[in-house]
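Participant: Here it is, the structure in full.
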Amino acid sequence: MKQRTLKSAFKVSGKGLHSGLAIEATFLPAPQDHGYKFQRIDLPNMPIIDALAENVVETKRGTVVANGDVRVSTIEHALAALYAAGIDNCMIQVNAPEIPILDGSARIFCDKIAEVGIEEQNADKDFYVVKQKIEVIDEESGSSLIVLPDKDFSIDTMIEFDSPVLDNQFATLDNLDKFSEEIAGSRTFVFVREIEQLLNNNLIKGGDLDNAIVIYDAPMSQDSLDHLADLMKVPHKHVSEFGYINNKPLAFDNEPARHKLLDVLGDIALIGRPMKGRIIAMKPGHTLNTTFTKKIRKQIKHQEIQAPSYNPNVPPIMDINRIRQLLPHRYPMLLVDKIIEIGQNYIVGVKNVSGNEPFFQGHFPQEPVMPGVLIVEAMAQVGGILVLNSVDEPERYSTYFMKIDNVKFRQKVVPGDTLVFHLSFMTEIRRGCAVMKGFAFVGEKIVSEAEFMAQIIKNK
């Protein structure tokens, strides 16, 4: 799958939920590998903030990212809409310290994206693939966020409140294509008992019944309830009448649970990559969500690339017979057994390391270790297939390696290991020369890496 951006820019305008300011935000197409970024165009030099988990500085009543003293808050609804639409790259310019709350949901963002359209880019999407159970648990609140391996992306969300109006609710999203229809229109919600405290903390200056669901579920004096009604500019309500206070009826019976799912999705976007996995969120909140995304970001920063998924039950893209048609190597120097994945800019190959390999006779008889130079050679052969795949009639060409740089060996390779190689172009092919970055994995661990320059030459 290819990366995507907007076909053209769009604008949204409205008031800020917490600041009450009149705000305009412009969503712009961005180049490949750009990611999501916010730009404060109201400040000198128009500073930019990367929308990544490590830049989250506050999560009390929304997700806030910062670059030094420059902040942007209430970003989760916009990011959820971009993420659900499969958009990888977008610059969001805003003239205030928060994104406008609009109607309290992601619906307007989704409508605008559909209106301007989406453009496919040349670079491949860089998925974060969940390969084992990952969980974050808050023992004090009982909240948890668990992610399980899955071939696609989905979310199950459960919420629980000690409330006679809103107790337990469940929402699910099995396919991102359904986000706009099933989740995007779900509005944020707040309890009447929280409003005065929020106002005292100089928050929700822009909150009203057009951009939030207000829930009255705890008895208070009639005078207090009338005072809050005046602050919200709504008709007075009798203290005994528990229920929802809003100008529009609920979009769904479980609208609060669906909105919590929307928030989870918006915070997951802070990983900086699309994800393949199934999320189970129990009583989620922005603090829990961003704790999880920070955990994933640490893994991504620790390891430049994830190990490719290798399922030996899936037929290869190229078997050994096809590889022999492309490469001139033969026993004992043909070191690629199959190609399991290939794209425009990358390739994944496999070498099963047997105890019968001829090099183990001398390297070393008592402690067999695959020579590092042969690991690099195997990696180079996979890269050669990637290069040949870029030309017509590849059987008529050969690749010759001109330079190998930045070679690293991290772990020894022994009989019984399965080497999985990932090679990708670092630049476009120019004048018959290709520059590639290669990694060799055993399981989830990188055992070697190198950079290659190769030349394509037509056979005589």
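FYI, nothing fancy with the structure tokens labels: chains A, B, ... in order, residues from 1 per chain, ligands from 1 as they appear.
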Write out as a ChimeraX atom specification the residues lying within 12 Å of A:Lys445, counting only C-alpha atoms and excluding same-chain residues fewer than 4 positions away.
Facilitator: /A:302-308,409-413,417-421,439-441,449
Participant: Would you output that residue set with C-alpha atoms, as a PDB file, in the first residue's frame?
Facilitator:
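Result file is part.pdb:
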```pdb
ATOM      1  CA  HIS A 302      15.110   1.619  19.435  1.00  0.00           C
ATOM      2  CA  GLN A 303      14.883  -0.403  16.227  1.00  0.00           C
ATOM      3  CA  GLU A 304      14.996   1.429  12.905  1.00  0.00           C
ATOM      4  CA  ILE A 305      12.856  -1.174  11.163  1.00  0.00           C
ATOM      5  CA  GLN A 306      10.538  -3.964  12.282  1.00  0.00           C
ATOM      6  CA  ALA A 307      11.375  -7.511  11.354  1.00  0.00           C
ATOM      7  CA  PRO A 308       9.311  -8.571   8.323  1.00  0.00           C
ATOM      8  CA  PHE A 409      27.071  -7.309  12.859  1.00  0.00           C
ATOM      9  CA  ARG A 410      24.928  -7.538  15.980  1.00  0.00           C
ATOM     10  CA  GLN A 411      24.448 -11.253  16.594  1.00  0.00           C
ATOM     11  CA  LYS A 412      25.918 -14.499  15.279  1.00  0.00           C
ATOM     12  CA  VAL A 413      24.001 -16.730  12.866  1.00  0.00           C
ATOM     13  CA  ASP A 417      18.479 -20.051  11.974  1.00  0.00           C
ATOM     14  CA  THR A 418      16.210 -18.575   9.333  1.00  0.00           C
ATOM     15  CA  LEU A 419      17.599 -15.328   7.942  1.00  0.00           C
ATOM     16  CA  VAL A 420      15.020 -12.839   6.711  1.00  0.00           C
ATOM     17  CA  PHE A 421      16.398  -9.940   4.645  1.00  0.00           C
ATOM     18  CA  PHE A 439      18.839  -5.538   7.202  1.00  0.00           C
ATOM     19  CA  ALA A 440      19.176  -9.198   8.132  1.00  0.00           C
ATOM     20  CA  PHE A 441      16.919 -10.605  10.865  1.00  0.00           C
ATOM     21  CA  GLU A 449      22.841  -4.286   8.426  1.00  0.00           C
TER      22      GLU A 449
END
```
Participant: Go through stretch 158-185 of chain A residue by residue and, counting only C-alpha atoms, keep those with an atom at most 7 Å from stretch 280-298 of chain A; for each kept residue give the shortest atom pair and its distance in Å to one decimal, ordered by chain and increasing number, as CSV.
Facilitator:
```
residue,atom,partner,partner_atom,distance
A:Met158,CA,A:Met282,CA,4.9
A:Ile159,CA,A:Lys283,CA,4.5
A:Glu160,CA,A:Lys283,CA,6.1
```
Participant: Residues within 9 Å of A:Ala450, please, as a PyMOL selection string. Count only C-alpha atoms; anything in the same chain fewer than 3 positions from it doesn't count.
Facilitator: chain A and resi 376+379+404-408+436-440
Participant: Would you please extract all alpha helix (DSSP H) residues from stretch 24-250 of chain A, as assigned by DSSP on the backbone, and give them as a VMD selection string?
Facilitator: chain A and resid 76 to 84 107 to 116 179 to 182 192 to 200 222 to 232
Participant: Residues of the last selection are to be written out with N, CA and C atoms, as a short mmCIF file (atom, residue, chain, number, x, y, z; two decimals), in the first residue's frame.
Facilitator:
```cif
data_model
loop_
_atom_site.label_atom_id
_atom_site.label_comp_id
_atom_site.auth_asym_id
_atom_site.auth_seq_id
_atom_site.Cartn_x
_atom_site.Cartn_y
_atom_site.Cartn_z
N GLU A 76 -7.04 15.47 18.94
CA GLU A 76 -7.38 14.07 18.71
C GLU A 76 -8.47 13.85 17.67
N HIS A 77 -9.45 14.76 17.56
CA HIS A 77 -10.54 14.55 16.59
C HIS A 77 -10.02 14.70 15.16
N ALA A 78 -9.19 15.70 14.93
CA ALA A 78 -8.63 15.90 13.59
C ALA A 78 -7.73 14.73 13.20
N LEU A 79 -6.88 14.28 14.14
CA LEU A 79 -5.98 13.17 13.83
C LEU A 79 -6.75 11.87 13.58
N ALA A 80 -7.84 11.66 14.32
CA ALA A 80 -8.65 10.45 14.10
C ALA A 80 -9.21 10.43 12.69
N ALA A 81 -9.69 11.59 12.21
CA ALA A 81 -10.24 11.65 10.85
C ALA A 81 -9.18 11.38 9.80
N LEU A 82 -7.99 11.97 9.97
CA LEU A 82 -6.89 11.74 9.02
C LEU A 82 -6.46 10.27 9.03
N TYR A 83 -6.31 9.73 10.22
CA TYR A 83 -5.84 8.34 10.36
C TYR A 83 -6.85 7.37 9.74
N ALA A 84 -8.13 7.58 10.03
CA ALA A 84 -9.16 6.68 9.51
C ALA A 84 -9.25 6.75 7.99
N ARG A 107 -16.79 14.61 12.59
CA ARG A 107 -17.62 14.54 11.38
C ARG A 107 -17.22 15.58 10.35
N ILE A 108 -17.02 16.82 10.75
CA ILE A 108 -16.70 17.89 9.79
C ILE A 108 -15.35 17.63 9.13
N PHE A 109 -14.38 17.15 9.90
CA PHE A 109 -13.08 16.81 9.32
C PHE A 109 -13.24 15.73 8.25
N CYS A 110 -14.04 14.70 8.55
CA CYS A 110 -14.25 13.63 7.57
C CYS A 110 -14.95 14.15 6.32
N ASP A 111 -15.92 15.01 6.50
CA ASP A 111 -16.64 15.57 5.34
C ASP A 111 -15.70 16.38 4.46
N LYS A 112 -14.82 17.16 5.08
CA LYS A 112 -13.88 17.98 4.32
C LYS A 112 -12.86 17.11 3.56
N ILE A 113 -12.40 16.03 4.20
CA ILE A 113 -11.46 15.13 3.53
C ILE A 113 -12.12 14.51 2.31
N ALA A 114 -13.38 14.07 2.47
CA ALA A 114 -14.10 13.48 1.34
C ALA A 114 -14.32 14.50 0.23
N GLU A 115 -14.50 15.75 0.61
CA GLU A 115 -14.76 16.81 -0.37
C GLU A 115 -13.54 17.11 -1.23
N VAL A 116 -12.34 17.19 -0.61
CA VAL A 116 -11.14 17.55 -1.38
C VAL A 116 -10.49 16.32 -2.02
N PHE A 179 -15.46 4.21 9.70
CA PHE A 179 -15.29 5.26 10.71
C PHE A 179 -16.21 6.44 10.46
N SER A 180 -16.23 6.94 9.22
CA SER A 180 -17.01 8.13 8.92
C SER A 180 -18.49 7.93 9.23
N GLU A 181 -19.00 6.74 8.93
CA GLU A 181 -20.42 6.46 9.12
C GLU A 181 -20.77 6.11 10.56
N GLU A 182 -19.90 5.36 11.24
CA GLU A 182 -20.27 4.77 12.52
C GLU A 182 -19.68 5.48 13.74
N VAL A 192 -22.44 17.20 34.33
CA VAL A 192 -22.77 18.50 34.93
C VAL A 192 -21.92 18.73 36.17
N ARG A 193 -21.69 17.67 36.97
CA ARG A 193 -20.91 17.81 38.20
C ARG A 193 -19.46 18.22 37.95
N GLU A 194 -18.99 18.11 36.71
CA GLU A 194 -17.60 18.49 36.38
C GLU A 194 -17.49 19.92 35.86
N ILE A 195 -18.62 20.49 35.46
CA ILE A 195 -18.57 21.76 34.70
C ILE A 195 -18.00 22.90 35.52
N GLU A 196 -18.47 23.07 36.75
CA GLU A 196 -18.02 24.22 37.53
C GLU A 196 -16.52 24.14 37.80
N GLN A 197 -16.02 22.94 38.10
CA GLN A 197 -14.59 22.78 38.33
C GLN A 197 -13.78 23.12 37.08
N LEU A 198 -14.28 22.69 35.91
CA LEU A 198 -13.59 23.00 34.66
C LEU A 198 -13.58 24.50 34.41
N LEU A 199 -14.70 25.15 34.68
CA LEU A 199 -14.76 26.60 34.50
C LEU A 199 -13.82 27.31 35.46
N ASN A 200 -13.74 26.81 36.69
CA ASN A 200 -12.84 27.41 37.68
C ASN A 200 -11.37 27.24 37.30
N GLN A 222 -31.23 23.00 43.71
CA GLN A 222 -31.87 23.63 42.57
C GLN A 222 -31.13 24.91 42.18
N ASP A 223 -30.67 25.66 43.19
CA ASP A 223 -29.94 26.91 42.91
C ASP A 223 -28.66 26.63 42.12
N SER A 224 -27.93 25.56 42.52
CA SER A 224 -26.68 25.22 41.83
C SER A 224 -26.95 24.80 40.40
N LEU A 225 -28.00 23.99 40.23
CA LEU A 225 -28.32 23.54 38.88
C LEU A 225 -28.77 24.71 38.01
N ASP A 226 -29.56 25.63 38.59
CA ASP A 226 -29.99 26.81 37.83
C ASP A 226 -28.80 27.68 37.44
N HIS A 227 -27.82 27.79 38.37
CA HIS A 227 -26.62 28.58 38.08
C HIS A 227 -25.85 27.99 36.90
N LEU A 228 -25.68 26.67 36.91
CA LEU A 228 -24.97 26.03 35.80
C LEU A 228 -25.75 26.15 34.50
N ALA A 229 -27.08 26.06 34.58
CA ALA A 229 -27.91 26.22 33.39
C ALA A 229 -27.71 27.61 32.79
N ASP A 230 -27.60 28.62 33.67
CA ASP A 230 -27.36 29.98 33.18
C ASP A 230 -25.99 30.09 32.52
N LEU A 231 -24.99 29.41 33.12
CA LEU A 231 -23.65 29.44 32.53
C LEU A 231 -23.65 28.78 31.14
N MET A 232 -24.46 27.71 31.01
CA MET A 232 -24.53 27.00 29.73
C MET A 232 -25.55 27.61 28.78
#
```
Participant: Work out how far apart atom CA of A:Asp126 and atom CA of A:Pro274 are and give it in Å to one decimal.
Facilitator: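 So the two atoms, atom CA of A:Asp126 and atom CA of A:Pro274, lie 7.0 Å apart.
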Participant: Please identify all polymer residues within 12 Å of A:Asp103, counting only C-alpha atoms, omitting same-chain residues fewer than 4 positions from it, and present them as number ranges by chain.
Facilitator: A: 12-17, 77, 107-109, 184-189, 206-213, 246-248
Participant: How would the residues just picked look written out with C-alpha atoms as a PDB file, in the first residue's frame?
Facilitator:
```
ATOM      1  CA  VAL A  12     -12.201  24.604   9.202  1.00  0.00           C
ATOM      2  CA  SER A  13     -13.087  27.410  11.572  1.00  0.00           C
ATOM      3  CA  GLY A  14     -14.821  27.666  14.914  1.00  0.00           C
ATOM      4  CA  LYS A  15     -14.167  28.341  18.561  1.00  0.00           C
ATOM      5  CA  GLY A  16     -11.688  26.605  20.793  1.00  0.00           C
ATOM      6  CA  LEU A  17     -13.237  24.320  23.393  1.00  0.00           C
ATOM      7  CA  HIS A  77     -10.539  14.554  16.588  1.00  0.00           C
ATOM      8  CA  ARG A 107     -17.624  14.540  11.381  1.00  0.00           C
ATOM      9  CA  ILE A 108     -16.704  17.885   9.790  1.00  0.00           C
ATOM     10  CA  PHE A 109     -13.076  16.809   9.317  1.00  0.00           C
ATOM     11  CA  ALA A 184     -17.001  10.213  13.343  1.00  0.00           C
ATOM     12  CA  GLY A 185     -20.286  11.902  14.361  1.00  0.00           C
ATOM     13  CA  SER A 186     -19.999  10.935  18.040  1.00  0.00           C
ATOM     14  CA  ARG A 187     -19.608  14.038  20.217  1.00  0.00           C
ATOM     15  CA  THR A 188     -17.529  14.639  23.311  1.00  0.00           C
ATOM     16  CA  PHE A 189     -19.380  14.506  26.621  1.00  0.00           C
ATOM     17  CA  GLY A 206     -15.976  27.495  24.236  1.00  0.00           C
ATOM     18  CA  GLY A 207     -18.096  24.562  25.400  1.00  0.00           C
ATOM     19  CA  ASP A 208     -21.817  24.611  24.697  1.00  0.00           C
ATOM     20  CA  LEU A 209     -24.677  22.271  23.900  1.00  0.00           C
ATOM     21  CA  ASP A 210     -23.837  22.417  20.194  1.00  0.00           C
ATOM     22  CA  ASN A 211     -20.406  20.823  20.658  1.00  0.00           C
ATOM     23  CA  ALA A 212     -20.841  18.530  23.657  1.00  0.00           C
ATOM     24  CA  ILE A 213     -23.266  16.148  25.320  1.00  0.00           C
ATOM     25  CA  ASN A 246     -28.223  18.665  24.594  1.00  0.00           C
ATOM     26  CA  ASN A 247     -29.661  20.605  21.676  1.00  0.00           C
ATOM     27  CA  LYS A 248     -29.485  17.636  19.315  1.00  0.00           C
TER      28      LYS A 248
END
```
Participant: Based on the backbone DSSP call, show me all residues of stretch 425-459 of chain A assigned strand (DSSP E or B), as JSON, numbers by chain.
Facilitator: {"A": [425, 430, 433, 434, 435, 436, 437, 438, 439, 440, 441, 442, 445, 446, 447, 448, 449, 450, 451, 452, 453, 454, 455, 456, 457, 458]}
Participant: Hey, which of A:Leu43, A:Met318, A:Ile279, A:Leu166 ends up closest to A:Val136? Count only C-alpha atoms.
Facilitator: A:Ile279
Participant: Pick from A:Ile342, A:Ile75, A:Ile385, A:Leu102: nearest to A:Gly62, with only C-alpha atoms counted?
Facilitator: A:Ile75
Participant: May I have the residues within 9 Å of A:Ala123 as a list in words, using only C-alpha atoms and disregarding those fewer than 5 positions away in the same chain?
Facilitator: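 Contacts, with the query itself left out: Met1, Lys2, Gln3, Arg4, Gln32, Asp33, Gln344 and Asn345 of chain A.
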Participant: Choose the residue, out of A:Glu377, A:Val147, A:Arg273, A:Gly104, that has the smallest atom-to-atom separation from A:Val214; count only C-alpha atoms.
Facilitator: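 When distances to A:Val214 are compared using only C-alpha atoms, the smallest one comes from A:Gly104.
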Participant: Nearest to A:Ala106 among A:Ala218, A:Leu262, A:Ala378, A:Leu28, with distances taken over only C-alpha atoms: which residue is it?
Facilitator: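 When distances to A:Ala106 are compared using only C-alpha atoms, the smallest one comes from A:Leu262.
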Participant: Tell me, as a list of chain:residue names, which residues lie within 8 Å of stretch 358-370 of chain A, counting only C-alpha atoms; anything in the same chain fewer than 3 positions away does not count.
Facilitator: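 That gives A:Pro332, A:Gly355, A:Leu374, A:Ile375, A:Lys412, A:Val413, A:Val414, A:Pro415.
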Participant: Tell me which protein, DNA and RNA residues are within 7 Å of stretch 424-435 of chain A, counting only C-alpha atoms, leaving out same-chain ones fewer than 4 positions away, and put them as a list of chain:residue names.
Facilitator: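 The filter keeps A:Asn345, A:Tyr346, A:Ile347, A:Phe452, A:Met453, A:Ala454, A:Gln455, A:Ile456.
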Participant: May I have the selected residues written with N, CA and C atoms, as an mmCIF file, in the first residue's frame?
Facilitator:
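And here's result-v1.cif as it stands now:
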```
data_model
loop_
_atom_site.group_PDB
_atom_site.id
_atom_site.type_symbol
_atom_site.label_atom_id
_atom_site.label_comp_id
_atom_site.auth_asym_id
_atom_site.auth_seq_id
_atom_site.Cartn_x
_atom_site.Cartn_y
_atom_site.Cartn_z
ATOM 1 N N ASN A 345 9.754 -0.322 -4.009
ATOM 2 C CA ASN A 345 10.978 0.202 -3.405
ATOM 3 C C ASN A 345 11.630 -0.743 -2.401
ATOM 4 N N TYR A 346 11.095 -1.938 -2.197
ATOM 5 C CA TYR A 346 11.657 -2.825 -1.187
ATOM 6 C C TYR A 346 11.454 -4.279 -1.576
ATOM 7 N N ILE A 347 12.165 -5.181 -0.868
ATOM 8 C CA ILE A 347 12.054 -6.614 -1.118
ATOM 9 C C ILE A 347 12.355 -7.345 0.188
ATOM 10 N N PHE A 452 24.392 -0.519 0.399
ATOM 11 C CA PHE A 452 24.985 -1.036 -0.834
ATOM 12 C C PHE A 452 24.807 -0.041 -1.979
ATOM 13 N N MET A 453 25.794 -0.012 -2.861
ATOM 14 C CA MET A 453 25.623 0.645 -4.149
ATOM 15 C C MET A 453 25.859 -0.407 -5.228
ATOM 16 N N ALA A 454 24.931 -0.529 -6.149
ATOM 17 C CA ALA A 454 25.028 -1.555 -7.205
ATOM 18 C C ALA A 454 24.808 -0.927 -8.567
ATOM 19 N N GLN A 455 25.389 -1.545 -9.586
ATOM 20 C CA GLN A 455 25.217 -1.084 -10.960
ATOM 21 C C GLN A 455 24.542 -2.170 -11.773
ATOM 22 N N ILE A 456 23.592 -1.766 -12.609
ATOM 23 C CA ILE A 456 22.905 -2.706 -13.500
ATOM 24 C C ILE A 456 23.632 -2.700 -14.842
#
```
Participant: Between A:Ser143, A:Asn122, A:Ser19, A:Asn168, which residue has the minimum interatomic distance to A:Pro97, considering only C-alpha atoms?
Facilitator: A:Ser19
